[in-house]
Structures are given as C-alpha cells and as structure tokens.
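Shown next: run11.csv, containing CSV, C-alpha atoms.
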```
chain,number,residue,atom,x,y,z
A,4,MET,CA,50.4,7.2,-90.2
A,5,GLY,CA,50.2,7.0,-86.4
A,6,ILE,CA,47.8,4.9,-84.5
A,7,VAL,CA,47.0,5.5,-80.8
A,8,LEU,CA,44.5,4.1,-78.4
A,9,SER,CA,41.4,6.2,-78.1
A,10,GLN,CA,38.8,4.1,-76.1
A,11,CYS,CA,38.5,0.8,-74.3
A,12,PHE,CA,35.4,-0.7,-72.8
A,13,ILE,CA,34.8,-2.3,-69.4
A,14,ALA,CA,31.5,-4.1,-68.7
A,15,VAL,CA,29.9,-3.1,-65.4
A,16,ASP,CA,26.7,-4.2,-63.7
A,17,ASP,CA,26.1,-1.1,-61.6
A,18,HIS,CA,27.3,2.2,-62.9
A,19,ASP,CA,27.0,4.1,-59.6
A,20,GLU,CA,29.1,1.5,-57.8
A,21,ALA,CA,31.6,1.5,-60.7
A,22,LEU,CA,31.8,5.3,-60.5
A,23,ALA,CA,32.6,5.2,-56.8
A,24,PHE,CA,35.5,2.9,-57.6
A,25,TYR,CA,36.9,4.4,-60.8
A,26,ARG,CA,36.4,8.0,-59.9
A,27,ASP,CA,36.7,8.0,-56.1
A,28,VAL,CA,39.2,5.3,-55.5
A,29,LEU,CA,41.3,5.3,-58.7
A,30,GLY,CA,41.0,9.1,-59.2
A,31,LEU,CA,39.8,9.0,-62.8
A,32,GLU,CA,37.7,11.9,-64.1
A,33,VAL,CA,34.2,11.5,-65.5
A,34,ARG,CA,34.1,12.7,-69.0
A,35,ASN,CA,30.6,11.7,-70.2
A,36,ASP,CA,27.5,10.0,-68.9
A,37,VAL,CA,24.9,8.9,-71.5
A,38,GLU,CA,21.7,7.0,-71.3
A,39,PHE,CA,20.1,5.3,-74.3
A,40,GLU,CA,17.4,2.7,-74.7
A,41,GLY,CA,17.5,1.9,-70.9
A,42,MET,CA,21.3,1.5,-70.9
A,43,ARG,CA,24.0,3.7,-69.6
A,44,TRP,CA,27.6,4.5,-70.7
A,45,VAL,CA,29.9,6.4,-68.4
A,46,THR,CA,33.3,7.5,-69.8
A,47,VAL,CA,36.2,8.0,-67.4
A,48,GLY,CA,39.8,8.7,-67.9
A,49,SER,CA,43.1,9.8,-66.3
A,50,PRO,CA,43.6,13.6,-66.2
A,51,GLU,CA,47.1,12.7,-67.4
A,52,GLN,CA,45.8,11.1,-70.6
A,53,PRO,CA,43.1,13.3,-72.0
A,54,GLY,CA,43.0,11.4,-75.3
A,55,VAL,CA,42.4,7.9,-73.7
A,56,HIS,CA,38.8,7.1,-72.6
A,57,ILE,CA,37.5,4.1,-70.6
A,58,VAL,CA,33.9,3.5,-71.3
A,59,LEU,CA,32.0,1.7,-68.5
A,60,GLU,CA,29.2,0.0,-70.3
A,61,PRO,CA,26.5,-2.6,-69.7
A,62,PRO,CA,27.6,-6.3,-70.0
A,63,LEU,CA,26.1,-6.5,-73.5
A,64,ALA,CA,25.8,-2.9,-74.8
A,65,ASP,CA,23.4,-3.7,-77.6
A,66,PRO,CA,19.8,-2.6,-77.0
A,67,TYR,CA,18.6,-5.0,-79.7
A,68,ALA,CA,20.5,-8.1,-78.4
A,69,PRO,CA,18.3,-11.1,-77.5
A,70,ALA,CA,17.6,-11.4,-73.8
A,71,ALA,CA,19.4,-14.8,-73.7
A,72,ASP,CA,22.6,-13.1,-74.9
A,73,ARG,CA,22.4,-10.3,-72.3
A,74,GLU,CA,21.8,-12.9,-69.6
A,75,ALA,CA,24.9,-14.9,-70.8
A,76,MET,CA,27.1,-11.8,-70.6
A,77,GLU,CA,25.8,-10.9,-67.2
A,78,ARG,CA,26.7,-14.5,-66.0
A,79,LEU,CA,30.2,-14.2,-67.5
A,80,LEU,CA,30.7,-10.8,-65.8
A,81,ALA,CA,29.4,-12.2,-62.4
A,82,LYS,CA,32.1,-14.9,-62.7
A,83,GLY,CA,34.8,-12.3,-63.4
A,84,LEU,CA,35.5,-13.9,-66.8
A,85,LEU,CA,35.5,-10.7,-68.9
A,86,ARG,CA,38.7,-8.8,-69.5
A,87,GLY,CA,39.7,-5.8,-67.6
A,88,VAL,CA,42.6,-3.4,-68.2
A,89,ILE,CA,46.2,-2.8,-67.1
A,90,PHE,CA,47.0,0.6,-65.6
A,91,ALA,CA,50.6,1.9,-65.4
A,92,THR,CA,51.7,3.4,-62.1
A,93,GLU,CA,54.9,5.0,-60.9
A,94,ASP,CA,54.6,3.2,-57.5
A,95,CYS,CA,53.0,-0.2,-57.5
A,96,ASP,CA,53.2,-0.6,-53.7
A,97,ALA,CA,51.7,2.8,-52.9
A,98,THR,CA,48.9,2.2,-55.5
A,99,PHE,CA,48.3,-1.2,-53.9
A,100,GLU,CA,47.9,0.2,-50.4
A,101,ARG,CA,45.6,3.0,-51.5
A,102,ILE,CA,43.3,0.6,-53.4
A,103,ARG,CA,43.4,-2.0,-50.8
A,104,GLY,CA,42.4,0.6,-48.2
A,105,SER,CA,39.2,1.2,-50.1
A,106,GLY,CA,38.1,-2.3,-49.5
A,107,ALA,CA,38.6,-3.5,-53.1
A,108,GLU,CA,39.0,-7.2,-53.6
A,109,VAL,CA,42.8,-8.1,-53.7
A,110,VAL,CA,43.7,-10.7,-56.4
A,111,GLN,CA,47.5,-10.3,-56.2
A,112,GLU,CA,49.7,-8.3,-53.9
A,113,PRO,CA,52.7,-6.5,-55.5
A,114,VAL,CA,55.2,-8.9,-56.9
A,115,ASP,CA,58.2,-8.6,-59.4
A,116,GLN,CA,57.2,-10.5,-62.5
A,117,PRO,CA,59.8,-12.3,-64.7
A,118,TYR,CA,58.6,-10.2,-67.7
A,119,GLY,CA,60.0,-6.9,-66.3
A,120,VAL,CA,57.3,-5.3,-64.2
A,121,ARG,CA,56.2,-5.1,-60.6
A,122,ASP,CA,52.4,-5.4,-60.5
A,123,CYS,CA,49.4,-6.1,-58.4
A,124,ALA,CA,45.8,-6.9,-59.2
A,125,PHE,CA,42.3,-6.2,-57.9
A,126,ARG,CA,38.7,-6.9,-59.0
A,127,ASP,CA,36.5,-3.9,-59.6
A,128,PRO,CA,33.0,-3.9,-58.0
A,129,SER,CA,31.7,-5.8,-61.1
A,130,GLY,CA,34.4,-8.5,-60.9
A,131,ASN,CA,36.7,-7.3,-63.7
A,132,MET,CA,40.4,-7.9,-63.2
A,133,LEU,CA,42.4,-4.8,-63.1
A,134,ARG,CA,46.2,-4.8,-62.9
A,135,PHE,CA,48.5,-2.0,-61.9
A,136,SER,CA,52.1,-2.2,-63.0
A,137,GLN,CA,55.4,-0.3,-63.0
A,138,PRO,CA,58.6,-1.2,-64.8
A,139,SER,CA,60.9,-3.2,-62.5
A,140,SER,CA,63.9,-1.3,-61.2
A,141,SER,CA,66.4,-4.1,-62.0
```
Encoded form using structure tokens:
Amino acid sequence: MGIVLSQCFIAVDDHDEALAFYRDVLGLEVRNDVEFEGMRWVTVGSPEQPGVHIVLEPPLADPYAPAADREAMERLLAKGLLRGVIFATEDCDATFERIRGSGAEVVQEPVDQPYGVRDCAFRDPSGNMLRFSQPSSS
C-alpha cells in the first residue's frame, strides 16, 4: 500500500493577491477556483507534479465556525504564525533572485544548512513562511 501527498492547505487573507504570488511569481498553475458560503478556495500546483495540489483557503475554512474563532485565525495569520510549505528547487540562488525581484518579503537569504540543504525563505502576501530548498552539493 503506497501513500503519497495529494493536497496541502495554505491560509490566505486575499485570494487575488495570493494568486498573483503563487501563479505569477512562483509559476504554479491554477487548477480550481471554488466559492461556497461566502468563502473561496483556489487550488494551485506545479505543472511538474500534477497529483499534488495546494489549496489556498480562508484562514478558517469552516462556514459554520463561530465569528470569534474566525477572528482568532485571522489574527494568527496576520502575525505570520500559521505554517507554510517547503518547495524543492534545483537552484536555490536563482529561485531566490527571481522571488526577491518580485518584491516578496525576504526572511532568509540562501544559506547552506547543517542538515544537508541550501535554502532560503520568504513570506507570501498573507504572511505565511515559504522555504525553497535544494540538496547541498557537498
């Protein structure tokens, strides 16, 4: 029995702003765009990984959640405290320059990590931490 990743979720506070980043800057393709109960879910993914989907969702994607819970999640997102994802890249430095050139917030310039990768980090427009790593050449 094999198990593979199918979907992961990233909370965003502005889907159009998020799309400009994930589609136009990172080069991910839009696979779905759904609205329900006043909320929106946009699915993006790498053309190189057709079976892996990243769903850009509201901070609390439950139309029946209490307003206080939605507000708490929005505050956590605004502080950058929700988890993002780690993307693999063949060239960390080139990826860094391309993303930095878009005006994205730099969190960490490319550096060789002691755990065997060279990586860098940015915040997406909603404040989520995104890392971009490649295996170290050593």
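Pairwise distance (atom CA of Pro50 of chain A, atom CA of Glu32 of chain A) equals 6.5 Å.
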(request) Using atom CA of Phe12 of chain A and atom CA of Ile57 of chain A as the two end points, give the distance in Å to one decimal. (result) 5.7 Å
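By chain and then residue number, the residues within 9 Å of Phe125 of chain A are Phe99, Ile102, Arg103, Ala107, Glu108, Val109, Val110, Gln111, Glu112, Asn131, Met132, Leu133, Arg134 and Phe135 of chain A, counting only C-alpha atoms and disregarding those fewer than 6 positions away in sequence.
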Go ahead and write the residues just picked, C-alpha atoms, as a compact mmCIF listing (two decimals), in the frame of the given file.
```
# COMPACT_ATOMS: atom_id res chain seq x y z
CA PHE A 99 48.30 -1.20 -53.90
CA ILE A 102 43.30 0.60 -53.40
CA ARG A 103 43.40 -2.00 -50.80
CA ALA A 107 38.60 -3.50 -53.10
CA GLU A 108 39.00 -7.20 -53.60
CA VAL A 109 42.80 -8.10 -53.70
CA VAL A 110 43.70 -10.70 -56.40
CA GLN A 111 47.50 -10.30 -56.20
CA GLU A 112 49.70 -8.30 -53.90
CA ASN A 131 36.70 -7.30 -63.70
CA MET A 132 40.40 -7.90 -63.20
CA LEU A 133 42.40 -4.80 -63.10
CA ARG A 134 46.20 -4.80 -62.90
CA PHE A 135 48.50 -2.00 -61.90
```
(request) Report the distance between atom CA of Val58 of chain A and atom CA of Met42 of chain A in Å, rounded to one decimal place. (result)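 Straight-line distance from atom CA of Val58 of chain A to atom CA of Met42 of chain A works out to 12.8 Å.
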(message) Please determine, counting only C-alpha atoms, which residue among A:Glu60, A:Asn35, A:Gly83, A:Arg121 has the shortest atom-to-atom distance to Ala21 of chain A.
(response) A:Glu60
(message) At a cut-off of 9 Å, using only C-alpha atoms, what residues contact Ala64 of chain A? Leave out same-chain residues fewer than 4 positions from it and give the result as a PyMOL selection string.
(response) chain A and resi 14+42-44+60+68+73
(request) Find the residue from A:Gly130, A:Gly5, A:Gly119, A:Gly104 that sits nearest to Leu29 of chain A; use only C-alpha atoms when measuring. (result)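 Using only C-alpha atoms, the shortest distance to Leu29 of chain A belongs to A:Gly104.
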